[in-house]
$ cat my_file.cif   # mmCIF, C-alpha atoms and all ligand atoms
data_input
loop_
_atom_site.label_atom_id
_atom_site.label_comp_id
_atom_site.auth_asym_id
_atom_site.auth_seq_id
_atom_site.Cartn_x
_atom_site.Cartn_y
_atom_site.Cartn_z
CA MET A 1 55.69 189.16 187.83
CA LEU A 2 55.30 189.32 184.08
CA ARG A 3 54.64 185.96 182.42
CA ILE A 4 56.49 185.69 179.10
CA GLY A 5 55.81 183.12 176.36
CA VAL A 6 58.46 182.62 173.68
CA PHE A 7 57.71 181.73 170.05
CA GLY A 8 60.67 180.23 168.19
CA VAL A 9 63.79 178.82 169.87
CA GLY A 10 66.14 178.76 166.89
CA HIS A 11 69.37 180.74 166.55
CA LEU A 12 68.20 184.05 168.01
CA GLY A 13 65.48 182.56 170.20
CA LYS A 14 68.10 180.92 172.44
CA PHE A 15 69.80 184.31 173.02
CA HIS A 16 66.40 185.67 174.05
CA LEU A 17 65.83 182.77 176.47
CA ASN A 18 69.25 183.34 178.09
CA ASN A 19 68.49 187.02 178.54
CA TRP A 20 64.96 186.58 179.87
CA LYS A 21 66.40 184.29 182.54
CA GLU A 22 68.53 187.20 183.80
CA ILE A 23 65.79 189.82 183.80
CA GLU A 24 64.02 190.55 187.08
CA GLU A 25 60.22 190.61 187.54
CA VAL A 26 59.79 188.09 184.72
CA THR A 27 58.70 184.44 184.68
CA LEU A 28 59.38 182.40 181.57
CA ILE A 29 56.17 180.39 181.16
CA GLY A 30 57.43 178.24 178.29
CA PHE A 31 57.75 178.22 174.54
CA TYR A 32 56.16 177.06 171.31
CA ASP A 33 58.28 175.78 168.40
CA PRO A 34 56.97 173.23 165.88
CA ASP A 35 60.44 171.85 165.09
CA ASP A 36 61.66 169.01 167.38
CA LYS A 37 65.26 169.62 166.27
CA ASN A 38 65.36 172.95 168.12
CA ALA A 39 62.58 172.37 170.65
CA VAL A 40 63.70 169.11 172.28
CA PRO A 41 67.24 170.26 173.26
CA VAL A 42 65.83 173.55 174.57
CA GLN A 43 63.24 171.71 176.66
CA GLU A 44 66.01 169.57 178.17
CA LYS A 45 68.63 172.31 178.66
CA TYR A 46 66.32 175.01 180.04
CA GLY A 47 63.78 172.79 181.75
CA LEU A 48 61.06 174.86 180.10
CA LYS A 49 57.56 173.73 179.23
CA ARG A 50 57.05 173.17 175.50
CA PHE A 51 53.48 174.12 174.61
CA SER A 52 51.75 172.12 171.91
CA SER A 53 49.96 175.01 170.20
CA PRO A 54 50.32 178.80 169.90
CA GLU A 55 46.83 179.24 171.42
CA GLU A 56 47.75 177.26 174.53
CA LEU A 57 50.92 179.31 175.13
CA ILE A 58 49.12 182.59 174.50
CA SER A 59 46.43 181.82 177.05
CA ALA A 60 49.11 181.06 179.68
CA CYS A 61 51.12 184.32 179.41
CA ASP A 62 50.81 188.12 179.70
CA ALA A 63 53.26 188.96 176.91
CA VAL A 64 54.79 187.16 173.94
CA ASP A 65 58.29 187.32 172.51
CA ILE A 66 58.20 186.27 168.83
CA ILE A 67 61.50 185.08 167.36
CA ALA A 68 59.97 182.82 164.72
CA PRO A 69 60.78 183.21 161.00
CA THR A 70 59.50 186.45 159.45
CA PRO A 71 56.70 184.80 157.38
CA SER A 72 55.01 183.72 160.65
CA HIS A 73 55.29 187.09 162.46
CA PHE A 74 51.90 188.32 161.28
CA GLU A 75 49.88 185.29 162.34
CA LEU A 76 51.51 185.12 165.79
CA CYS A 77 51.34 188.87 166.47
CA ALA A 78 47.68 189.01 165.40
CA LEU A 79 46.79 186.03 167.59
CA ALA A 80 48.50 187.64 170.60
CA LEU A 81 46.88 191.07 170.09
CA ARG A 82 43.41 189.55 169.57
CA ASN A 83 43.87 187.72 172.87
CA GLY A 84 44.96 190.82 174.78
CA LYS A 85 48.70 190.02 175.10
CA HIS A 86 51.60 192.49 174.83
CA VAL A 87 53.94 191.80 171.89
CA PHE A 88 57.66 191.90 171.30
CA VAL A 89 58.40 190.77 167.73
CA GLU A 90 61.72 190.46 165.97
CA LYS A 91 62.45 192.64 162.97
CA PRO A 92 61.04 192.95 160.40
CA LEU A 93 57.57 193.60 161.85
CA ALA A 94 55.93 191.42 159.16
CA ASN A 95 56.49 190.05 155.70
CA THR A 96 54.07 192.16 153.62
CA MET A 97 52.74 195.71 153.93
CA ASP A 98 49.15 194.44 154.14
CA GLU A 99 50.15 192.34 157.15
CA ALA A 100 51.94 195.34 158.70
CA ARG A 101 48.88 197.58 158.19
CA THR A 102 46.58 195.04 159.87
CA LEU A 103 48.95 194.75 162.83
CA VAL A 104 49.08 198.54 163.24
CA LYS A 105 45.26 198.63 163.25
CA LEU A 106 44.99 195.82 165.80
CA ALA A 107 47.65 197.39 168.04
CA LYS A 108 45.98 200.82 167.88
CA GLU A 109 42.60 199.34 168.82
CA SER A 110 44.17 197.63 171.84
CA ASN A 111 45.72 199.10 174.93
CA LEU A 112 48.72 196.79 174.66
CA LYS A 113 52.47 197.40 174.43
CA PHE A 114 54.14 196.53 171.16
CA GLN A 115 57.88 196.60 170.48
CA VAL A 116 59.86 195.64 167.37
CA GLY A 117 63.34 194.10 167.74
CA HIS A 118 65.42 196.75 166.00
CA VAL A 119 68.24 195.86 168.35
CA GLU A 120 70.88 198.17 166.84
CA ARG A 121 69.15 201.04 168.69
CA PHE A 122 70.70 199.48 171.80
CA ASN A 123 74.15 198.83 170.29
CA PRO A 124 76.67 200.36 172.74
CA ALA A 125 78.50 202.14 169.87
CA PHE A 126 75.27 203.84 168.81
CA LEU A 127 74.37 204.70 172.42
CA ALA A 128 77.80 206.37 172.78
CA VAL A 129 77.00 209.00 170.13
CA LYS A 130 73.24 209.17 169.99
CA ASP A 131 72.95 212.09 172.42
CA MET A 132 75.31 214.36 170.52
CA GLN A 133 73.69 216.82 168.13
CA LEU A 134 73.26 214.53 165.14
CA GLN A 135 71.98 216.39 162.08
CA PRO A 136 73.12 214.15 159.23
CA MET A 137 73.35 215.53 155.70
CA PHE A 138 75.13 212.57 154.13
CA ILE A 139 75.18 209.01 155.46
CA GLU A 140 77.24 206.14 154.10
CA VAL A 141 76.30 202.65 155.34
CA HIS A 142 77.88 199.23 154.88
CA ARG A 143 76.37 196.10 156.35
CA LEU A 144 78.13 193.05 154.95
CA ALA A 145 77.77 189.45 156.10
CA GLN A 146 78.93 186.05 155.00
CA PHE A 147 76.37 183.78 153.37
CA ASN A 148 74.13 181.77 155.69
CA PRO A 149 70.96 180.08 154.39
CA ARG A 150 69.22 181.12 157.63
CA GLY A 151 67.31 184.33 156.92
CA THR A 152 67.18 183.85 153.15
CA ASP A 153 63.41 183.31 153.38
CA VAL A 154 63.35 187.10 152.90
CA SER A 155 65.55 189.47 150.82
CA VAL A 156 68.72 191.10 152.17
CA ILE A 157 66.66 194.29 152.44
CA LEU A 158 64.23 192.82 155.00
CA ASP A 159 66.93 190.66 156.60
CA LEU A 160 69.87 193.09 157.05
CA MET A 161 69.32 196.53 155.51
CA ILE A 162 66.21 197.07 157.62
CA HIS A 163 68.47 197.54 160.69
CA ASP A 164 70.12 200.55 159.00
CA ILE A 165 66.85 201.86 157.56
CA ASP A 166 65.46 202.02 161.11
CA ILE A 167 68.55 203.81 162.47
CA ILE A 168 68.51 206.32 159.59
CA LEU A 169 64.79 207.07 159.93
CA HIS A 170 65.38 207.54 163.66
CA LEU A 171 68.22 210.03 163.04
CA VAL A 172 66.99 212.01 160.03
CA LYS A 173 64.01 214.02 161.16
CA SER A 174 62.56 214.46 157.67
CA SER A 175 60.40 212.60 155.15
CA VAL A 176 61.80 210.38 152.43
CA SER A 177 61.50 212.07 149.02
CA THR A 178 63.19 209.71 146.54
CA ILE A 179 64.55 206.18 146.56
CA SER A 180 66.85 204.63 143.94
CA ALA A 181 67.94 201.04 144.30
CA ASN A 182 69.50 198.08 142.63
CA GLY A 183 70.04 194.55 143.88
CA VAL A 184 71.01 191.10 142.69
CA ALA A 185 69.87 187.62 143.74
CA VAL A 186 73.21 185.81 143.51
CA LEU A 187 72.76 182.72 145.70
CA SER A 188 69.13 182.77 146.83
CA ASP A 189 65.78 183.58 145.19
CA THR A 190 65.68 187.15 146.49
CA PRO A 191 68.28 189.98 146.40
CA ASP A 192 71.45 189.00 148.32
CA ILE A 193 73.26 192.28 147.68
CA ALA A 194 71.81 195.74 147.20
CA ASN A 195 72.78 199.37 146.93
CA VAL A 196 70.23 202.04 147.79
CA ARG A 197 70.14 205.83 147.75
CA ILE A 198 67.52 207.48 149.95
CA GLU A 199 66.94 211.22 149.58
CA PHE A 200 65.10 213.19 152.25
CA ASP A 201 63.08 216.41 152.00
CA ASN A 202 65.67 218.26 154.12
CA GLY A 203 68.43 217.47 151.58
CA CYS A 204 70.01 214.60 153.49
CA VAL A 205 71.15 211.67 151.35
CA ALA A 206 71.79 208.14 152.65
CA ASN A 207 73.71 205.63 150.59
CA LEU A 208 73.32 202.06 151.86
CA THR A 209 75.03 198.85 150.79
CA SER A 210 73.92 195.53 152.25
CA SER A 211 75.27 192.14 151.35
CA ARG A 212 74.89 188.63 152.70
CA ILE A 213 77.40 187.16 150.25
CA SER A 214 80.59 188.89 151.40
CA MET A 215 83.86 187.35 152.50
CA LYS A 216 84.21 189.75 155.42
CA LYS A 217 81.75 191.13 157.91
CA MET A 218 81.21 194.86 158.32
CA ARG A 219 78.54 197.00 159.98
CA LYS A 220 79.41 200.67 159.74
CA ILE A 221 77.51 203.92 159.51
CA ARG A 222 79.42 207.08 158.62
CA ILE A 223 77.57 210.33 159.21
CA PHE A 224 78.65 213.68 157.76
CA GLN A 225 77.07 216.89 158.97
CA LYS A 226 77.85 220.61 158.87
CA ASP A 227 80.52 220.60 161.54
CA ALA A 228 81.44 216.97 162.06
CA TYR A 229 82.01 213.41 160.92
CA ILE A 230 80.67 210.62 163.14
CA GLY A 231 81.66 207.01 162.54
CA ILE A 232 79.76 204.18 164.24
CA ASP A 233 81.11 200.64 164.05
CA PHE A 234 78.22 198.39 165.13
CA LEU A 235 80.32 195.24 164.79
CA ASP A 236 83.47 196.22 166.70
CA LYS A 237 81.48 198.51 169.00
CA LYS A 238 83.54 201.65 168.45
CA ALA A 239 82.68 205.24 167.70
CA GLU A 240 84.71 208.14 166.34
CA ILE A 241 83.95 211.83 166.10
CA ILE A 242 86.04 214.25 164.02
CA LYS A 243 85.01 217.86 164.22
CA LEU A 244 86.14 221.44 164.52
CA ASN A 245 87.65 221.86 167.95
CA SER A 246 85.58 223.79 170.47
CA PRO A 247 86.99 225.36 173.61
CA GLY A 248 86.44 222.95 176.49
CA ASP A 249 86.53 219.76 174.37
CA LYS A 250 88.06 217.03 176.51
CA ASN A 251 89.97 213.81 175.72
CA VAL A 252 90.56 214.76 172.12
CA PHE A 253 93.56 214.61 169.83
CA THR A 254 93.88 217.83 167.84
CA PHE A 255 95.75 218.94 164.73
CA ASP A 256 95.72 222.09 162.60
CA ILE A 257 94.87 222.40 158.94
CA GLU A 258 95.11 225.42 156.68
CA THR A 259 91.84 226.33 154.97
CA ASN A 260 90.68 229.28 152.81
CA HIS A 261 89.41 230.78 156.06
CA GLY A 262 92.72 230.44 157.91
CA ILE A 263 94.04 227.75 160.25
CA LYS A 264 91.40 225.49 161.77
CA THR A 265 91.92 223.07 164.65
CA ILE A 266 90.40 219.66 164.13
CA ALA A 267 89.61 217.38 167.08
CA ILE A 268 89.41 213.60 166.96
CA ALA A 269 87.57 211.88 169.80
CA ASN A 270 86.72 208.27 170.51
CA PRO A 271 83.71 208.51 172.84
CA ALA A 272 83.66 205.93 175.61
CA VAL A 273 81.61 202.92 174.55
CA GLU A 274 80.18 201.19 177.59
CA ASP A 275 79.93 197.43 177.80
CA GLY A 276 76.33 196.49 177.21
CA ASN A 277 74.13 193.62 176.12
CA ALA A 278 71.81 195.09 173.48
CA ILE A 279 69.33 192.18 173.50
CA LYS A 280 68.98 192.32 177.28
CA MET A 281 68.48 196.08 177.14
CA GLU A 282 65.71 195.87 174.52
CA LEU A 283 63.89 193.09 176.39
CA GLU A 284 64.23 194.97 179.68
CA ALA A 285 62.79 198.08 178.04
CA PHE A 286 59.80 196.02 176.84
CA LYS A 287 59.23 194.62 180.33
CA ASN A 288 59.47 198.10 181.86
CA ALA A 289 57.01 199.50 179.32
CA ILE A 290 54.44 196.90 180.43
CA LEU A 291 55.07 197.00 184.17
CA HIS A 292 55.59 200.76 184.47
CA ASN A 293 53.33 201.88 181.61
CA THR A 294 56.08 203.68 179.68
CA SER A 295 56.40 203.85 175.88
CA THR A 296 58.27 201.09 174.10
CA PRO A 297 61.55 202.48 172.68
CA VAL A 298 60.96 200.95 169.22
CA THR A 299 57.25 201.27 168.48
CA ILE A 300 55.07 199.41 166.01
CA MET A 301 55.09 202.59 163.87
CA ASP A 302 58.91 202.55 163.84
CA GLY A 303 58.72 198.95 162.61
CA PHE A 304 56.06 199.93 160.06
CA ASP A 305 58.03 202.93 158.73
CA ALA A 306 61.18 200.84 158.29
CA MET A 307 59.15 198.18 156.45
CA GLU A 308 57.51 200.76 154.21
CA VAL A 309 60.90 202.08 153.07
CA ALA A 310 62.18 198.51 152.69
CA HIS A 311 59.24 197.60 150.44
CA LYS A 312 59.67 200.74 148.32
CA ILE A 313 63.30 199.66 147.87
CA LEU A 314 62.16 196.17 146.82
CA GLU A 315 59.76 197.69 144.27
CA LYS A 316 62.59 199.78 142.80
CA ILE A 317 64.84 196.72 142.64
CA GLY A 318 62.05 194.77 140.93
CA LYS A 319 61.68 197.51 138.31
CA ALA A 320 65.45 197.66 137.75
CA GLN A 321 65.65 193.97 136.85
CA PRO A 322 66.18 193.22 133.12
N1 LIG B 1 67.47 191.53 165.51
C1 LIG B 1 68.42 190.84 164.90
O1 LIG B 1 69.58 191.23 164.81
C2 LIG B 1 68.07 189.50 164.31
C3 LIG B 1 69.08 188.56 164.07
C4 LIG B 1 68.71 187.31 163.58
C5 LIG B 1 67.37 187.04 163.33
N2 LIG B 1 66.42 187.98 163.55
C6 LIG B 1 65.01 187.69 163.30
O2 LIG B 1 64.58 186.69 164.20
C7 LIG B 1 63.69 185.79 163.56
C8 LIG B 1 64.20 184.36 163.73
O3 LIG B 1 65.49 184.26 163.18
P1 LIG B 1 66.49 183.07 163.56
O4 LIG B 1 67.76 183.42 162.92
O5 LIG B 1 66.47 182.78 165.02
O6 LIG B 1 65.81 181.86 162.75
P2 LIG B 1 65.93 180.28 163.05
O7 LIG B 1 65.47 179.64 161.78
O8 LIG B 1 67.24 179.93 163.61
O9 LIG B 1 64.84 180.03 164.20
C9 LIG B 1 63.46 180.17 163.99
C10 LIG B 1 62.76 179.15 164.91
O10 LIG B 1 61.35 179.43 164.84
C11 LIG B 1 60.67 178.17 164.74
N3 LIG B 1 59.34 178.37 164.15
C12 LIG B 1 58.93 178.22 162.86
N4 LIG B 1 57.63 178.52 162.75
C13 LIG B 1 57.20 178.85 164.00
C14 LIG B 1 55.95 179.24 164.52
N5 LIG B 1 54.87 179.38 163.75
N6 LIG B 1 55.87 179.49 165.84
C15 LIG B 1 56.95 179.39 166.65
N7 LIG B 1 58.17 179.01 166.21
C16 LIG B 1 58.29 178.76 164.89
C17 LIG B 1 61.58 177.31 163.90
O11 LIG B 1 61.28 175.94 164.07
C18 LIG B 1 62.94 177.69 164.46
O12 LIG B 1 63.30 176.91 165.58
C19 LIG B 1 63.56 186.29 162.12
O13 LIG B 1 62.42 187.09 161.99
C20 LIG B 1 64.78 187.16 161.90
O14 LIG B 1 64.57 188.22 161.00
C21 LIG B 1 66.75 189.18 164.05
#

$ encode --input "my_file.cif" --output "structure tokens" --more "lines below"
Ligand SMILES: NC(=O)c1ccc[n+]([C@@H]2O[C@H](COP(=O)([O-])OP(=O)(O)OC[C@H]3O[C@@H](n4cnc5c(N)ncnc54)[C@H](O)[C@@H]3O)[C@@H](O)[C@H]2O)c1
Amino acid sequence: MLRIGVFGVGHLGKFHLNNWKEIEEVTLIGFYDPDDKNAVPVQEKYGLKRFSSPEELISACDAVDIIAPTPSHFELCALALRNGKHVFVEKPLANTMDEARTLVKLAKESNLKFQVGHVERFNPAFLAVKDMQLQPMFIEVHRLAQFNPRGTDVSVILDLMIHDIDIILHLVKSSVSTISANGVAVLSDTPDIANVRIEFDNGCVANLTSSRISMKKMRKIRIFQKDAYIGIDFLDKKAEIIKLNSPGDKNVFTFDIETNHGIKTIAIANPAVEDGNAIKMELEAFKNAILHNTSTPVTIMDGFDAMEVAHKILEKIGKAQP
């Protein structure tokens, strides 16, 4: 049995609690949250022990799940690693690059498992296409949300765009060469809307727009590559592939178009998207990594790389301000 201690039982923390309860080989030891408003109802509803200090909870568990606000990630992760506990921490890994560097050093010196909550890696729409030959050359991304003061303790880049940065770095097997960015703080003290162009050494270009001040929600990644277009809708959990038809393609709708090289047959497919609970899958993967000594699917270096790009974007936005 793996003993899990939870830090932070706010909006997302409650989803984590519900999922941990359904995962086998795990005992929820209890939680730490300094705010009575969230902690007292959770204590009553879940019958869980509320620990009175982070140190006390850490000494009672084997692994921690940190769903506290981003500015406290560093302190809690460092405390857990220094006390020999495995760490799952929500995205972004930390608030500053110095914090992220220290965590990488501590994690490397330990023999502990560390996973970052880039949960879109487990989105069923992404899982439906991720095994096809993805070699993106142009990527268009929109992640739009309505305004919610929760999360505005960090910019829209660290709050929302970091999900797409992680997916893009995971897909494009090349180094970032150039970043251009602009962003505006409309309702909060940090950018609420931003547009970013990331160029990679292999020629791929990603154009990302993130907003937390939109009227409508959207979470889409459109990938263009030599022979295909792949659309991933992370919100509605749908995927679409449009490509040149190959003999043997199944379950596709085809049509012909005339090109300079003669008639080509185009195939449109909607790959089956399986029902799946992304949070449960990521937490299960973390548990399995600890109990069966496998690698965590989203490593501390994945979290670090996404943060590094996010901070370069923030620097560019800072320089672009009048
Ligand atoms: N992966 C995702 O899609 C996703 C979605 C939402 C939030 N998040 C991340 O999850 C984290 C929490 O977000 P949220 O929306 O649940 O915020 P929230 O404000 O609803 O909840 C945070 C909770 O943490 C508690 N807290 C504050 N300081 C603490 C500390 N030192 N130790 C333990 N608990 C502490 C607060 O009292 C609060 O109850 C953030 O880092 C955010 O970026 C990730």

$ closest_atom_pairs --input "my_file.cif" --of "chain A" --to "ligand LIG 1 (chain B)" --cutoff "9 Å" --atoms "only C-alpha atoms and all ligand atoms" --output "CSV"
residue,atom,partner,partner_atom,distance
A:Val6,CA,B:LIG1,C15,7.9
A:Phe7,CA,B:LIG1,C15,4.2
A:Gly8,CA,B:LIG1,N7,3.4
A:Val9,CA,B:LIG1,O12,4.7
A:Gly10,CA,B:LIG1,O9,3.2
A:His11,CA,B:LIG1,O8,3.7
A:Leu12,CA,B:LIG1,O5,3.7
A:Gly13,CA,B:LIG1,O5,5.3
A:Lys14,CA,B:LIG1,O5,7.8
A:Phe15,CA,B:LIG1,O5,8.8
A:Phe31,CA,B:LIG1,C15,8.0
A:Tyr32,CA,B:LIG1,C15,5.3
A:Asp33,CA,B:LIG1,N7,3.9
A:Pro34,CA,B:LIG1,O11,5.4
A:Asp35,CA,B:LIG1,O11,4.3
A:Asp36,CA,B:LIG1,O11,7.7
A:Lys37,CA,B:LIG1,O12,7.6
A:Asn38,CA,B:LIG1,O12,5.1
A:Ala39,CA,B:LIG1,O12,6.8
A:Ser53,CA,B:LIG1,N6,8.6
A:Pro54,CA,B:LIG1,N6,6.9
A:Ile66,CA,B:LIG1,C15,7.3
A:Ile67,CA,B:LIG1,C7,4.4
A:Ala68,CA,B:LIG1,O10,3.7
A:Pro69,CA,B:LIG1,C19,4.3
A:Thr70,CA,B:LIG1,O13,3.9
A:Pro71,CA,B:LIG1,O13,7.7
A:Ser72,CA,B:LIG1,N5,5.3
A:His73,CA,B:LIG1,O13,7.1
A:Glu75,CA,B:LIG1,N5,7.9
A:Leu76,CA,B:LIG1,N5,7.0
A:Val89,CA,B:LIG1,O13,7.9
A:Glu90,CA,B:LIG1,O2,5.1
A:Lys91,CA,B:LIG1,O14,5.3
A:Pro92,CA,B:LIG1,O14,5.9
A:Leu93,CA,B:LIG1,O13,8.1
A:Ala94,CA,B:LIG1,O13,8.3
A:Val116,CA,B:LIG1,N1,8.8
A:Gly117,CA,B:LIG1,N1,5.4
A:His118,CA,B:LIG1,N1,5.6
A:Val119,CA,B:LIG1,N1,5.2
A:Glu120,CA,B:LIG1,O1,7.3
A:Arg150,CA,B:LIG1,O7,5.8
A:Gly151,CA,B:LIG1,O4,6.1
A:Val154,CA,B:LIG1,O14,8.3
A:Leu158,CA,B:LIG1,O14,7.6
A:Asp159,CA,B:LIG1,O14,5.6
A:Leu160,CA,B:LIG1,O1,8.0
A:His163,CA,B:LIG1,O1,7.6
A:Ile279,CA,B:LIG1,N1,8.2

$ write_last_selection --input "my_file.cif" --atoms "C-alpha atoms" --output "compact mmCIF listing (two decimals), in the frame of the given file"
# COMPACT_ATOMS: atom_id res chain seq x y z
CA VAL A 6 58.46 182.62 173.68
CA PHE A 7 57.71 181.73 170.05
CA GLY A 8 60.67 180.23 168.19
CA VAL A 9 63.79 178.82 169.87
CA GLY A 10 66.14 178.76 166.89
CA HIS A 11 69.37 180.74 166.55
CA LEU A 12 68.20 184.05 168.01
CA GLY A 13 65.48 182.56 170.20
CA LYS A 14 68.10 180.92 172.44
CA PHE A 15 69.80 184.31 173.02
CA PHE A 31 57.75 178.22 174.54
CA TYR A 32 56.16 177.06 171.31
CA ASP A 33 58.28 175.78 168.40
CA PRO A 34 56.97 173.23 165.88
CA ASP A 35 60.44 171.85 165.09
CA ASP A 36 61.66 169.01 167.38
CA LYS A 37 65.26 169.62 166.27
CA ASN A 38 65.36 172.95 168.12
CA ALA A 39 62.58 172.37 170.65
CA SER A 53 49.96 175.01 170.20
CA PRO A 54 50.32 178.80 169.90
CA ILE A 66 58.20 186.27 168.83
CA ILE A 67 61.50 185.08 167.36
CA ALA A 68 59.97 182.82 164.72
CA PRO A 69 60.78 183.21 161.00
CA THR A 70 59.50 186.45 159.45
CA PRO A 71 56.70 184.80 157.38
CA SER A 72 55.01 183.72 160.65
CA HIS A 73 55.29 187.09 162.46
CA GLU A 75 49.88 185.29 162.34
CA LEU A 76 51.51 185.12 165.79
CA VAL A 89 58.40 190.77 167.73
CA GLU A 90 61.72 190.46 165.97
CA LYS A 91 62.45 192.64 162.97
CA PRO A 92 61.04 192.95 160.40
CA LEU A 93 57.57 193.60 161.85
CA ALA A 94 55.93 191.42 159.16
CA VAL A 116 59.86 195.64 167.37
CA GLY A 117 63.34 194.10 167.74
CA HIS A 118 65.42 196.75 166.00
CA VAL A 119 68.24 195.86 168.35
CA GLU A 120 70.88 198.17 166.84
CA ARG A 150 69.22 181.12 157.63
CA GLY A 151 67.31 184.33 156.92
CA VAL A 154 63.35 187.10 152.90
CA LEU A 158 64.23 192.82 155.00
CA ASP A 159 66.93 190.66 156.60
CA LEU A 160 69.87 193.09 157.05
CA HIS A 163 68.47 197.54 160.69
CA ILE A 279 69.33 192.18 173.50

$ closest_residue --input "my_file.cif" --among "A:Asp153, A:Glu199, A:Asp98, A:Asp233" --to "A:Ile168" --atoms "all atoms listed in the file"
A:Glu199

$ closest_residue --input "my_file.cif" --among "A:Tyr229, A:Tyr46, A:Phe286, A:Phe304" --to "A:Asp65" --atoms "all atoms listed in the file"
A:Phe286

$ closest_residue --input "my_file.cif" --among "A:Ile241, A:Val252, A:Ile179, A:Ala145" --to "A:Arg219" --atoms "only C-alpha atoms"
A:Ala145

$ atom_distance --input "my_file.cif" --atom1 "atom CA of A:His16" --atom2 "atom CA of A:Ile167"
21.6 Å

$ build_atoms --input "my_file.cif" --residues "stretch 113-128 of chain A" --atoms "N, CA and C atoms" --output "mmCIF file, in the frame of the given file"
data_model
loop_
_atom_site.group_PDB
_atom_site.id
_atom_site.type_symbol
_atom_site.label_atom_id
_atom_site.label_comp_id
_atom_site.auth_asym_id
_atom_site.auth_seq_id
_atom_site.Cartn_x
_atom_site.Cartn_y
_atom_site.Cartn_z
ATOM 1 N N LYS A 113 51.134 196.942 174.828
ATOM 2 C CA LYS A 113 52.470 197.400 174.430
ATOM 3 C C LYS A 113 52.958 196.562 173.266
ATOM 4 N N PHE A 114 53.639 197.222 172.346
ATOM 5 C CA PHE A 114 54.140 196.530 171.160
ATOM 6 C C PHE A 114 55.541 197.067 170.875
ATOM 7 N N GLN A 115 56.497 196.170 170.779
ATOM 8 C CA GLN A 115 57.880 196.600 170.480
ATOM 9 C C GLN A 115 58.445 195.731 169.363
ATOM 10 N N VAL A 116 59.226 196.368 168.473
ATOM 11 C CA VAL A 116 59.860 195.640 167.370
ATOM 12 C C VAL A 116 61.364 195.536 167.672
ATOM 13 N N GLY A 117 61.943 194.382 167.339
ATOM 14 C CA GLY A 117 63.340 194.100 167.740
ATOM 15 C C GLY A 117 64.410 194.740 166.875
ATOM 16 N N HIS A 118 64.323 196.058 166.700
ATOM 17 C CA HIS A 118 65.420 196.750 166.000
ATOM 18 C C HIS A 118 66.544 196.977 167.015
ATOM 19 N N VAL A 119 67.313 195.925 167.211
ATOM 20 C CA VAL A 119 68.240 195.860 168.350
ATOM 21 C C VAL A 119 69.430 196.807 168.211
ATOM 22 N N GLU A 120 69.725 197.271 166.994
ATOM 23 C CA GLU A 120 70.880 198.170 166.840
ATOM 24 C C GLU A 120 70.661 199.490 167.586
ATOM 25 N N ARG A 121 69.412 199.830 167.886
ATOM 26 C CA ARG A 121 69.150 201.040 168.690
ATOM 27 C C ARG A 121 69.819 200.943 170.059
ATOM 28 N N PHE A 122 70.106 199.703 170.476
ATOM 29 C CA PHE A 122 70.700 199.480 171.800
ATOM 30 C C PHE A 122 72.171 199.107 171.694
ATOM 31 N N ASN A 123 72.725 199.155 170.472
ATOM 32 C CA ASN A 123 74.150 198.830 170.290
ATOM 33 C C ASN A 123 74.970 199.870 171.068
ATOM 34 N N PRO A 124 75.914 199.415 171.918
ATOM 35 C CA PRO A 124 76.670 200.360 172.740
ATOM 36 C C PRO A 124 77.383 201.451 171.925
ATOM 37 N N ALA A 125 77.816 201.134 170.695
ATOM 38 C CA ALA A 125 78.500 202.140 169.870
ATOM 39 C C ALA A 125 77.526 203.242 169.452
ATOM 40 N N PHE A 126 76.296 202.858 169.175
ATOM 41 C CA PHE A 126 75.270 203.840 168.810
ATOM 42 C C PHE A 126 74.884 204.667 170.045
ATOM 43 N N LEU A 127 74.744 203.982 171.189
ATOM 44 C CA LEU A 127 74.370 204.700 172.420
ATOM 45 C C LEU A 127 75.431 205.739 172.786
ATOM 46 N N ALA A 128 76.706 205.454 172.420
ATOM 47 C CA ALA A 128 77.800 206.370 172.780
ATOM 48 C C ALA A 128 77.705 207.705 172.050
#
